[in-house]
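Dumped input_27.cif below, it's mmCIF, N, CA and C atoms:
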data_entry
#
loop_
_atom_site.label_atom_id
_atom_site.label_comp_id
_atom_site.auth_asym_id
_atom_site.auth_seq_id
_atom_site.Cartn_x
_atom_site.Cartn_y
_atom_site.Cartn_z
N MET A 244 10.36 -10.98 3.13
CA MET A 244 11.32 -10.16 2.41
C MET A 244 12.73 -10.71 2.61
N LYS A 245 12.95 -11.39 3.72
CA LYS A 245 14.29 -11.91 3.98
C LYS A 245 14.69 -13.02 3.01
N GLY A 246 13.70 -13.72 2.46
CA GLY A 246 14.00 -14.82 1.55
C GLY A 246 14.21 -14.39 0.11
N LEU A 247 14.03 -13.11 -0.19
CA LEU A 247 14.18 -12.63 -1.56
C LEU A 247 15.63 -12.29 -1.87
N THR A 248 16.03 -12.63 -3.07
CA THR A 248 17.36 -12.26 -3.54
C THR A 248 17.26 -11.01 -4.39
N VAL A 249 18.38 -10.49 -4.78
CA VAL A 249 18.41 -9.31 -5.65
C VAL A 249 17.72 -9.62 -6.97
N PHE A 250 17.90 -10.82 -7.46
CA PHE A 250 17.25 -11.22 -8.71
C PHE A 250 15.73 -11.23 -8.57
N ASP A 251 15.23 -11.74 -7.44
CA ASP A 251 13.78 -11.76 -7.20
C ASP A 251 13.21 -10.35 -7.15
N ILE A 252 13.89 -9.45 -6.48
CA ILE A 252 13.42 -8.07 -6.37
C ILE A 252 13.43 -7.40 -7.74
N SER A 253 14.44 -7.68 -8.55
CA SER A 253 14.48 -7.08 -9.89
C SER A 253 13.35 -7.64 -10.76
N LEU A 254 12.99 -8.90 -10.59
CA LEU A 254 11.86 -9.45 -11.33
C LEU A 254 10.55 -8.79 -10.91
N VAL A 255 10.40 -8.50 -9.63
CA VAL A 255 9.20 -7.80 -9.16
C VAL A 255 9.14 -6.41 -9.77
N LYS A 256 10.26 -5.71 -9.82
CA LYS A 256 10.30 -4.38 -10.42
C LYS A 256 9.93 -4.43 -11.89
N LEU A 257 10.43 -5.40 -12.61
CA LEU A 257 10.09 -5.54 -14.03
C LEU A 257 8.61 -5.85 -14.22
N SER A 258 8.05 -6.69 -13.37
CA SER A 258 6.64 -7.00 -13.51
C SER A 258 5.77 -5.78 -13.23
N VAL A 259 6.15 -4.95 -12.28
CA VAL A 259 5.41 -3.71 -12.02
C VAL A 259 5.54 -2.76 -13.20
N PHE A 260 6.72 -2.69 -13.78
CA PHE A 260 6.94 -1.83 -14.95
C PHE A 260 6.03 -2.24 -16.11
N PHE A 261 5.97 -3.53 -16.40
CA PHE A 261 5.15 -3.98 -17.52
C PHE A 261 3.66 -3.91 -17.19
N ALA A 262 3.29 -4.10 -15.93
CA ALA A 262 1.89 -3.92 -15.54
C ALA A 262 1.48 -2.47 -15.70
N THR A 263 2.38 -1.54 -15.44
CA THR A 263 2.11 -0.12 -15.64
C THR A 263 1.89 0.19 -17.11
N ILE A 264 2.65 -0.44 -17.97
CA ILE A 264 2.47 -0.24 -19.41
C ILE A 264 1.09 -0.75 -19.84
N VAL A 265 0.66 -1.89 -19.30
CA VAL A 265 -0.66 -2.42 -19.63
C VAL A 265 -1.75 -1.47 -19.17
N VAL A 266 -1.62 -0.93 -17.96
CA VAL A 266 -2.61 0.01 -17.45
C VAL A 266 -2.65 1.27 -18.31
N ALA A 267 -1.47 1.75 -18.74
CA ALA A 267 -1.43 2.93 -19.60
C ALA A 267 -2.07 2.66 -20.96
N LYS A 268 -1.94 1.45 -21.45
CA LYS A 268 -2.59 1.09 -22.72
C LYS A 268 -4.11 1.01 -22.56
N LEU A 269 -4.56 0.51 -21.41
CA LEU A 269 -5.99 0.37 -21.19
C LEU A 269 -6.67 1.70 -20.91
N PHE A 270 -5.96 2.61 -20.25
CA PHE A 270 -6.51 3.92 -19.89
C PHE A 270 -5.59 5.02 -20.41
N PRO A 271 -5.64 5.35 -21.70
CA PRO A 271 -4.70 6.31 -22.27
C PRO A 271 -4.86 7.72 -21.72
N LYS A 272 -6.00 8.04 -21.09
CA LYS A 272 -6.16 9.37 -20.52
C LYS A 272 -5.21 9.59 -19.34
N LEU A 273 -4.74 8.52 -18.74
CA LEU A 273 -3.78 8.66 -17.65
C LEU A 273 -2.47 9.29 -18.11
N LEU A 274 -2.15 9.10 -19.38
CA LEU A 274 -0.91 9.67 -19.91
C LEU A 274 -0.98 11.17 -20.09
N HIS A 275 -2.17 11.73 -20.09
CA HIS A 275 -2.34 13.16 -20.31
C HIS A 275 -2.65 13.93 -19.03
N MET A 276 -2.39 13.33 -17.88
CA MET A 276 -2.62 14.02 -16.61
C MET A 276 -1.50 15.01 -16.35
N ASN A 277 -1.80 16.05 -15.58
CA ASN A 277 -0.78 17.03 -15.20
C ASN A 277 0.23 16.40 -14.26
N TYR A 278 1.47 16.87 -14.34
CA TYR A 278 2.52 16.33 -13.49
C TYR A 278 2.28 16.58 -12.01
N PRO A 279 1.78 17.74 -11.61
CA PRO A 279 1.51 17.91 -10.16
C PRO A 279 0.50 16.90 -9.62
N VAL A 280 -0.49 16.54 -10.42
CA VAL A 280 -1.47 15.54 -9.99
C VAL A 280 -0.78 14.19 -9.82
N LEU A 281 0.09 13.84 -10.76
CA LEU A 281 0.81 12.57 -10.65
C LEU A 281 1.74 12.55 -9.44
N ILE A 282 2.38 13.67 -9.15
CA ILE A 282 3.28 13.74 -8.00
C ILE A 282 2.48 13.57 -6.71
N VAL A 283 1.32 14.20 -6.62
CA VAL A 283 0.48 14.05 -5.43
C VAL A 283 0.02 12.60 -5.28
N LEU A 284 -0.33 11.95 -6.37
CA LEU A 284 -0.74 10.55 -6.30
C LEU A 284 0.40 9.65 -5.84
N VAL A 285 1.59 9.88 -6.37
CA VAL A 285 2.75 9.08 -5.96
C VAL A 285 3.02 9.26 -4.47
N LEU A 286 3.00 10.49 -4.01
CA LEU A 286 3.24 10.75 -2.59
C LEU A 286 2.15 10.14 -1.72
N ALA A 287 0.90 10.21 -2.17
CA ALA A 287 -0.20 9.67 -1.38
C ALA A 287 -0.11 8.14 -1.27
N PHE A 288 0.22 7.48 -2.37
CA PHE A 288 0.26 6.02 -2.35
C PHE A 288 1.54 5.47 -1.72
N SER A 289 2.59 6.26 -1.67
CA SER A 289 3.85 5.76 -1.12
C SER A 289 4.09 6.20 0.32
N ALA A 290 3.22 7.01 0.90
CA ALA A 290 3.45 7.54 2.24
C ALA A 290 3.48 6.44 3.30
N LYS A 291 2.47 5.60 3.33
CA LYS A 291 2.42 4.57 4.36
C LYS A 291 3.54 3.53 4.22
N PRO A 292 3.79 2.98 3.02
CA PRO A 292 4.90 2.02 2.93
C PRO A 292 6.26 2.63 3.32
N LEU A 293 6.50 3.88 2.91
CA LEU A 293 7.76 4.52 3.29
C LEU A 293 7.84 4.74 4.79
N TYR A 294 6.74 5.16 5.39
CA TYR A 294 6.72 5.37 6.84
C TYR A 294 6.96 4.05 7.57
N ASP A 295 6.28 2.99 7.13
CA ASP A 295 6.45 1.69 7.78
C ASP A 295 7.87 1.18 7.64
N PHE A 296 8.48 1.38 6.50
CA PHE A 296 9.83 0.86 6.27
C PHE A 296 10.88 1.63 7.04
N TRP A 297 10.81 2.97 7.06
CA TRP A 297 11.87 3.78 7.62
C TRP A 297 11.69 4.14 9.09
N PHE A 298 10.45 4.31 9.55
CA PHE A 298 10.24 4.87 10.89
C PHE A 298 9.63 3.91 11.89
N ARG A 299 8.90 2.92 11.46
CA ARG A 299 8.27 1.99 12.39
C ARG A 299 9.22 0.83 12.66
N LYS A 300 9.34 0.48 13.90
CA LYS A 300 10.27 -0.62 14.25
C LYS A 300 9.51 -1.77 14.83
#

Re-express the file's structure as structure tokens.
Amino acid sequence: MKGLTVFDISLVKLSVFFATIVVAKLFPKLLHMNYPVLIVLVLAFSAKPLYDFWFRK
């Protein structure tokens, strides 16, 4: 992570954004999920990376 520049990180973000669009096109039922389900999924998948980044030294 130390070798990445701001430009590199922005390219990673853009690639994730466009990969998400591809997944939404392949599985259109994902677009019709309830918001609470999506919020639970986001929290579940982001818990460990956030914990590792902010609290683990």

>> According to DSSP computed on the backbone, where in chain A is there alpha helix (DSSP H)? Give the residues as a PyMOL selection string.
In response: chain A and resi 249-269+278-297

> In Å, how far is it from atom N of Phe270 in chain A to CA of Asp251 in chain A?
Replying inline: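 The value is 27.7 Å.
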
Using 5 Å of padding on each side, determine the axis-aligned box around all atoms of range 275-285 of chain A present in the file and give its centre and edge lengths in Å to one decimal, as AutoDock Vina command-line options.
--center_x 0.3 --center_y 13.5 --center_z -12.4 --size_x 15.9 --size_y 18.8 --size_z 25.8

> Could you state the separation of CA of Leu274 in chain A and CA of Phe261 in chain A in Å, given to one decimal place?
Replying inline: 15.1 Å

> So how far away is atom N of Leu247 in chain A from atom C of Val285 in chain A, in Å?
Replying inline: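 So the two atoms, atom C of Val285 in chain A and atom N of Leu247 in chain A, lie 25.3 Å apart.
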